[in-house]
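The file entry.csv comes next; it holds CSV, C-alpha atoms.
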chain,number,residue,atom,x,y,z
A,1,MET,CA,65.4,-33.6,-37.6
A,2,SER,CA,62.3,-34.8,-35.7
A,3,GLU,CA,59.1,-32.8,-36.2
A,4,ILE,CA,56.6,-33.1,-33.3
A,5,ILE,CA,53.1,-32.4,-34.4
A,6,CYS,CA,49.6,-32.4,-32.9
A,7,THR,CA,47.6,-35.6,-33.1
A,8,TYR,CA,44.2,-36.4,-31.8
A,9,LYS,CA,41.9,-39.3,-30.8
A,10,LEU,CA,39.1,-39.6,-33.3
A,11,ASP,CA,36.5,-38.8,-30.6
A,12,ASP,CA,38.3,-35.8,-29.1
A,13,ARG,CA,39.3,-33.0,-31.5
A,14,LEU,CA,40.2,-30.6,-28.6
A,15,ARG,CA,43.0,-32.4,-26.8
A,16,ALA,CA,46.3,-32.6,-28.7
A,17,HIS,CA,48.9,-35.4,-28.2
A,18,PRO,CA,52.5,-35.0,-29.4
A,19,MET,CA,53.8,-37.4,-32.0
A,20,ASP,CA,56.7,-37.5,-34.5
A,21,ARG,CA,55.4,-36.6,-38.0
A,22,GLY,CA,57.0,-39.4,-39.8
A,23,HIS,CA,55.9,-41.9,-37.1
A,24,PHE,CA,52.3,-40.7,-37.4
A,25,TYR,CA,52.2,-41.2,-41.2
A,26,ASP,CA,54.0,-44.6,-41.1
A,27,GLU,CA,51.6,-45.8,-38.4
A,28,GLN,CA,48.4,-44.5,-40.2
A,29,ILE,CA,49.5,-45.8,-43.6
A,30,ALA,CA,50.1,-49.2,-42.1
A,31,GLU,CA,46.7,-49.1,-40.2
A,32,PHE,CA,44.9,-48.2,-43.4
A,33,LYS,CA,46.5,-51.0,-45.4
A,34,LYS,CA,45.7,-53.5,-42.6
A,35,ASN,CA,42.2,-52.3,-41.5
A,36,GLY,CA,41.0,-49.9,-44.1
A,37,LYS,CA,40.5,-46.9,-41.7
A,38,PRO,CA,42.5,-44.5,-39.6
A,39,THR,CA,42.9,-44.8,-35.9
A,40,ARG,CA,43.9,-41.2,-35.0
A,41,ALA,CA,43.9,-37.8,-36.6
A,42,VAL,CA,46.6,-35.2,-37.4
A,43,GLY,CA,46.2,-31.5,-36.7
A,44,ILE,CA,46.0,-29.6,-40.0
A,45,PHE,CA,45.3,-25.9,-40.9
A,46,ASN,CA,44.2,-24.9,-44.4
A,47,VAL,CA,43.9,-21.5,-45.8
A,48,LEU,CA,42.0,-20.6,-49.0
A,49,LEU,CA,42.6,-17.0,-50.1
A,50,LEU,CA,40.3,-15.1,-52.5
A,51,THR,CA,40.8,-11.9,-54.4
A,52,GLU,CA,38.4,-9.0,-54.9
A,53,ARG,CA,38.5,-9.9,-58.6
A,54,GLY,CA,36.7,-13.2,-58.0
A,55,GLU,CA,39.7,-15.4,-58.0
A,56,VAL,CA,41.0,-18.2,-55.8
A,57,ILE,CA,44.7,-18.3,-55.1
A,58,LEU,CA,46.2,-21.8,-55.2
A,59,GLN,CA,49.6,-23.5,-54.9
A,60,LYS,CA,51.1,-26.2,-57.1
A,61,ARG,CA,52.8,-28.6,-54.7
A,62,SER,CA,56.5,-29.4,-55.1
A,63,ARG,CA,57.6,-32.7,-56.6
A,64,ASN,CA,59.6,-33.3,-53.4
A,65,LYS,CA,56.5,-33.6,-51.2
A,66,ARG,CA,55.9,-37.0,-49.6
A,67,HIS,CA,52.2,-36.9,-50.3
A,68,ASN,CA,50.2,-35.4,-53.2
A,69,PRO,CA,53.4,-34.3,-55.1
A,70,TYR,CA,53.0,-31.8,-57.9
A,71,LEU,CA,49.2,-31.5,-57.5
A,72,ILE,CA,47.3,-28.2,-57.3
A,73,ASP,CA,46.3,-27.4,-53.7
A,74,LYS,CA,44.8,-24.8,-51.4
A,75,THR,CA,46.7,-21.5,-50.9
A,76,VAL,CA,48.5,-22.5,-47.7
A,77,GLY,CA,48.3,-25.6,-45.5
A,78,GLY,CA,50.3,-27.7,-43.1
A,79,HIS,CA,50.7,-29.4,-39.8
A,80,ILE,CA,50.3,-27.8,-36.4
A,81,GLN,CA,53.4,-28.1,-34.3
A,82,TYR,CA,52.8,-29.4,-30.8
A,83,GLY,CA,52.7,-26.4,-28.4
A,84,ASP,CA,51.6,-23.9,-31.1
A,85,THR,CA,48.1,-22.6,-31.5
A,86,VAL,CA,46.4,-22.9,-34.9
A,87,PHE,CA,46.0,-19.1,-35.1
A,88,TYR,CA,49.7,-18.6,-34.6
A,89,THR,CA,50.4,-21.4,-37.1
A,90,ALA,CA,48.2,-19.9,-39.8
A,91,MET,CA,49.8,-16.5,-39.4
A,92,VAL,CA,53.4,-17.7,-39.4
A,93,GLU,CA,52.9,-20.2,-42.3
A,94,CYS,CA,51.3,-17.5,-44.6
A,95,VAL,CA,54.5,-15.5,-44.1
A,96,GLN,CA,56.9,-18.4,-44.3
A,97,GLU,CA,55.3,-20.2,-47.3
A,98,LEU,CA,54.1,-17.2,-49.5
A,99,LYS,CA,55.5,-14.1,-47.8
A,100,ILE,CA,52.0,-12.9,-47.0
A,101,PRO,CA,51.4,-11.1,-43.7
A,102,ALA,CA,48.1,-12.2,-42.3
A,103,VAL,CA,45.5,-10.9,-39.8
A,104,VAL,CA,43.8,-14.0,-38.3
A,105,LEU,CA,40.3,-13.7,-36.8
A,106,ARG,CA,38.0,-16.1,-35.0
A,107,GLU,CA,34.6,-14.4,-35.4
A,108,ASN,CA,32.6,-13.5,-38.5
A,109,GLU,CA,31.7,-10.1,-37.1
A,110,ASP,CA,35.3,-9.3,-36.4
A,111,PHE,CA,36.2,-10.5,-39.9
A,112,GLY,CA,33.7,-8.2,-41.6
A,113,ARG,CA,34.7,-5.2,-39.5
A,114,THR,CA,38.4,-5.8,-40.1
A,115,LEU,CA,37.9,-6.4,-43.8
A,116,GLU,CA,36.2,-3.0,-44.0
A,117,ILE,CA,38.9,-1.2,-42.0
A,118,LEU,CA,41.7,-2.8,-44.1
A,119,SER,CA,39.9,-2.6,-47.4
A,120,HIS,CA,42.5,-0.2,-48.8
A,121,SER,CA,45.4,-2.3,-47.4
A,122,LEU,CA,44.6,-5.8,-48.8
A,123,GLU,CA,47.7,-5.6,-51.1
A,124,SER,CA,49.8,-5.5,-47.9
A,125,ALA,CA,48.1,-8.1,-45.7
A,126,ALA,CA,45.6,-10.9,-45.9
A,127,VAL,CA,42.5,-11.0,-43.6
A,128,LEU,CA,41.6,-14.6,-42.5
A,129,GLU,CA,38.5,-15.9,-40.8
A,130,LEU,CA,38.2,-19.4,-39.2
A,131,VAL,CA,35.1,-21.0,-40.7
A,132,ASP,CA,35.3,-24.6,-39.5
A,133,ASN,CA,37.1,-27.0,-37.2
A,134,ASN,CA,36.3,-30.7,-37.2
A,135,ILE,CA,37.7,-34.2,-37.9
A,136,TYR,CA,37.4,-35.4,-41.4
A,137,GLU,CA,38.8,-38.4,-43.3
A,138,ILE,CA,40.4,-37.2,-46.5
A,139,ASP,CA,42.4,-39.2,-49.0
A,140,ASN,CA,46.1,-38.5,-49.8
A,141,PHE,CA,48.4,-40.0,-52.3
A,142,PHE,CA,51.6,-41.7,-50.9
A,143,ASP,CA,53.9,-43.2,-53.5
A,144,GLY,CA,50.9,-43.4,-55.9
A,145,GLU,CA,48.7,-45.2,-53.3
A,146,ARG,CA,45.4,-43.6,-52.1
A,147,ILE,CA,45.4,-43.6,-48.3
A,148,SER,CA,42.6,-42.2,-46.1
A,149,ILE,CA,44.0,-40.0,-43.3
A,150,ALA,CA,41.9,-38.5,-40.5
A,151,LYS,CA,42.5,-34.8,-40.2
A,152,ASN,CA,41.5,-32.5,-37.4
A,153,MET,CA,41.2,-29.6,-39.8
A,154,TRP,CA,40.9,-25.9,-39.1
A,155,LEU,CA,39.8,-24.1,-42.3
A,156,PHE,CA,40.4,-20.4,-42.8
A,157,LEU,CA,38.9,-18.4,-45.7
A,158,GLY,CA,40.5,-15.0,-46.4
A,159,VAL,CA,41.0,-12.1,-48.8
A,160,TYR,CA,44.3,-10.9,-50.2
A,161,GLY,CA,45.1,-8.6,-53.1
A,162,GLY,CA,48.9,-8.4,-53.2
A,163,SER,CA,51.7,-10.3,-54.7
A,164,VAL,CA,52.7,-13.9,-53.7
A,165,LYS,CA,56.2,-15.2,-53.4
A,166,PRO,CA,56.3,-19.0,-52.9
A,167,MET,CA,59.2,-20.3,-50.8
A,168,ASP,CA,61.8,-22.4,-52.7
A,169,ARG,CA,61.0,-26.1,-52.7
A,170,GLU,CA,57.7,-25.6,-50.8
A,171,ALA,CA,55.7,-24.9,-54.0
A,172,SER,CA,56.2,-25.3,-57.7
A,173,GLY,CA,54.1,-22.2,-58.5
A,174,VAL,CA,51.1,-20.1,-57.6
A,175,LEU,CA,47.9,-20.1,-59.7
A,176,TYR,CA,44.9,-17.7,-59.8
A,177,TYR,CA,41.6,-19.2,-60.8
A,178,GLU,CA,38.2,-17.6,-61.3
A,179,PHE,CA,36.0,-19.7,-59.1
A,180,ASP,CA,33.7,-21.0,-61.9
A,181,VAL,CA,36.7,-21.9,-64.0
A,182,LEU,CA,38.3,-23.8,-61.1
A,183,LYS,CA,35.1,-25.9,-60.5
A,184,ASP,CA,34.9,-26.7,-64.2
A,185,GLU,CA,38.6,-27.8,-64.4
A,186,MET,CA,38.3,-29.8,-61.2
A,187,LYS,CA,35.3,-31.6,-62.7
A,188,LYS,CA,37.0,-32.3,-66.1
A,189,MET,CA,40.5,-33.1,-64.7
A,190,PRO,CA,40.1,-34.2,-61.1
A,191,GLN,CA,43.5,-35.9,-61.1
A,192,LEU,CA,45.3,-32.5,-61.3
A,193,PHE,CA,44.0,-31.4,-57.9
A,194,THR,CA,44.7,-32.6,-54.3
A,195,PRO,CA,41.9,-34.5,-52.5
A,196,ASP,CA,42.1,-31.8,-49.9
A,197,LEU,CA,41.2,-29.1,-52.4
A,198,HIS,CA,38.3,-31.2,-53.8
A,199,PHE,CA,37.0,-31.6,-50.2
A,200,ILE,CA,37.3,-27.9,-49.4
A,201,ILE,CA,35.6,-26.7,-52.7
A,202,ASN,CA,32.8,-29.3,-52.4
A,203,LYS,CA,32.0,-28.8,-48.7
A,204,TYR,CA,32.5,-25.0,-48.4
A,205,GLU,CA,31.2,-23.8,-51.9
A,206,ASP,CA,28.4,-21.8,-50.3
A,207,LYS,CA,30.7,-20.1,-47.9
A,208,ILE,CA,33.2,-19.3,-50.7
A,209,LYS,CA,30.4,-17.9,-52.9
A,210,GLY,CA,29.1,-15.9,-49.9
A,211,MET,CA,32.5,-14.3,-49.4
A,212,PHE,CA,32.7,-13.4,-53.1
A,213,ASN,CA,29.3,-11.9,-52.9
A,214,HIS,CA,30.3,-9.9,-49.8
A,215,LEU,CA,33.4,-8.6,-51.7
A,216,LYS,CA,31.2,-7.6,-54.7
A,217,SER,CA,28.8,-5.6,-52.5
A,218,LYS,CA,31.5,-3.6,-50.8
Output the file's structure as structure tokens, nothing else.
Amino acid sequence: MSEIICTYKLDDRLRAHPMDRGHFYDEQIAEFKKNGKPTRAVGIFNVLLLTERGEVILQKRSRNKRHNPYLIDKTVGGHIQYGDTVFYTAMVECVQELKIPAVVLRENEDFGRTLEILSHSLESAAVLELVDNNIYEIDNFFDGERISIAKNMWLFLGVYGGSVKPMDREASGVLYYEFDVLKDEMKKMPQLFTPDLHFIINKYEDKIKGMFNHLKSK
């Protein structure tokens, strides 16, 4: 069944163009092998959930995934279907992939207020904040080959304290890492983690630490 996703020109991250998912990757893999660089970007949302105990919640990807199979990855992530908003996508995918209801917010002020209001309900729902949207080139492994893919990425950081139930075949398991332990393992055994997760932890370490500090001060 065809899956129509959002793709973007590299100089315009705001205007989405529809494209079949398989066609996009076939085209971009071929372009990278021919010219060494991507020619268009794919719309991606990523969610990294933290706990009040100082942990990061991660997924281990299924062996059946076309790219980055069986590697440890962010909490939730995926493509944005053409016609859907990224906020709708993040909310729905949290439920579909991990059975986590999510409140998705755009502004830091709203996030802080909502987190305070729902502080006693974080076992029932996650609270997410959009922290970045931009186009980045990030490597992925396709059949063992490292291919650079341009991603128009929306990143959400959030807090959740309840149980996680990964969907069959979507993930091989869920892992809870203390942040310092995660960084140490990623340094010692980088091959166990997706390039996406390396990118997120390296680029947004200060934001992640800031959120942990906020949770400690509550």
#### Entry: Interatomic distance (Å, one decimal) between atom CA of A:His120 and atom CA of A:Thr75
21.8 Å
### Point-to-point distance from atom CA of A:Phe199 to atom CA of A:Gly36, Å rounded to tenths
19.7 Å
### Task
Taking the point (39.7, -14.3, -47.4) as given in the file, collect each protein or nucleic acid residue that comes within 9 Å of it, counting all atoms listed in the file, and present the set as JSON, numbers by chain.
{"A": [47, 48, 49, 50, 51, 115, 126, 127, 128, 129, 156, 157, 158, 159, 160, 208, 211]}
Write to file, as a compact mmCIF listing (two decimals), in the frame of the given file, the residues of the selection just made, with C-alpha atoms.
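Generated file (again.txt):
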# COMPACT_ATOMS: atom_id res chain seq x y z
CA VAL A 47 43.90 -21.50 -45.80
CA LEU A 48 42.00 -20.60 -49.00
CA LEU A 49 42.60 -17.00 -50.10
CA LEU A 50 40.30 -15.10 -52.50
CA THR A 51 40.80 -11.90 -54.40
CA LEU A 115 37.90 -6.40 -43.80
CA ALA A 126 45.60 -10.90 -45.90
CA VAL A 127 42.50 -11.00 -43.60
CA LEU A 128 41.60 -14.60 -42.50
CA GLU A 129 38.50 -15.90 -40.80
CA PHE A 156 40.40 -20.40 -42.80
CA LEU A 157 38.90 -18.40 -45.70
CA GLY A 158 40.50 -15.00 -46.40
CA VAL A 159 41.00 -12.10 -48.80
CA TYR A 160 44.30 -10.90 -50.20
CA ILE A 208 33.20 -19.30 -50.70
CA MET A 211 32.50 -14.30 -49.40
#### Entry: Residue among A:Asn152, A:Asn213, A:Asn133, A:Asn140 lying closest to A:Ala16, counting only C-alpha atoms
A:Asn152
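Restricting the calculation to all atoms listed in the file, the smallest distance between A:Lys216 and any of A:Thr39, A:Leu14, A:Pro69, A:Glu52 is found for A:Glu52.
Nearest to A:Ile80 of all the residues A:Ile135, A:Ile44, A:Ile29, A:Ile149 is A:Ile44, based on all atoms listed in the file.
Comparing A:Ser62, A:Asn202, A:Ser172, A:Ser148 by their smallest distance to A:Tyr25, the closest is A:Ser148 (using all atoms listed in the file).
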### Message
What's the separation between atom CA of A:Val86 and atom CA of A:Gly43, in Å to one decimal place?
### Response
8.8 Å
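If you measure from each of A:Val104, A:Ala125, A:Val92, A:Met19 to A:Gly162 using only C-alpha atoms, the closest one turns out to be A:Ala125.
With distances taken from (38.4, -39.5, -54.6) and restricted to only C-alpha atoms, the residues inside 12 Å are Glu137, Ile138, Asp139, Asn140, Phe141, Glu145, Arg146, Ile147, Ser148, Met186, Lys187, Pro190, Gln191, Leu192, Phe193, Thr194, Pro195, Asp196, Leu197, His198, Phe199 and Asn202 of chain A.
The residue that comes closest to A:Glu31, out of A:Ile57, A:Ala150, A:Leu98, A:Met91 and on the basis of all atoms listed in the file, is A:Ala150.
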Spatial neighbours of stretch 173-180 of chain A, max dist 8 Å, all atoms listed in the file, sep filter under 3 positions, as a short mmCIF file (atom, residue, chain, number, x, y, z; two decimals) with C-alpha atoms, keeping the file's coordinate frame:
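Now in part-v1.cif:
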data_model
loop_
_atom_site.label_atom_id
_atom_site.label_comp_id
_atom_site.auth_asym_id
_atom_site.auth_seq_id
_atom_site.Cartn_x
_atom_site.Cartn_y
_atom_site.Cartn_z
CA GLY A 54 36.70 -13.20 -58.00
CA GLU A 55 39.70 -15.40 -58.00
CA VAL A 56 41.00 -18.20 -55.80
CA ILE A 57 44.70 -18.30 -55.10
CA LEU A 58 46.20 -21.80 -55.20
CA GLN A 59 49.60 -23.50 -54.90
CA LYS A 60 51.10 -26.20 -57.10
CA ARG A 61 52.80 -28.60 -54.70
CA VAL A 164 52.70 -13.90 -53.70
CA PRO A 166 56.30 -19.00 -52.90
CA LYS A 183 35.10 -25.90 -60.50
CA ASP A 184 34.90 -26.70 -64.20
#
#### Entry: Contacts of A:Glu27 within 10 Å, only C-alpha atoms, excl. fewer than 6 positions in-chain, as a ChimeraX atom specification
/A:21,38-40
### Message
Env of A:Thr89: 12 Å cut, atoms = only C-alpha atoms, seq-sep filter 4 positions within chain, self excluded. Answer as an MDAnalysis selection string.
### Response
chainID A and resid 5:6 43:47 76:85 93:97 102:104 154 156
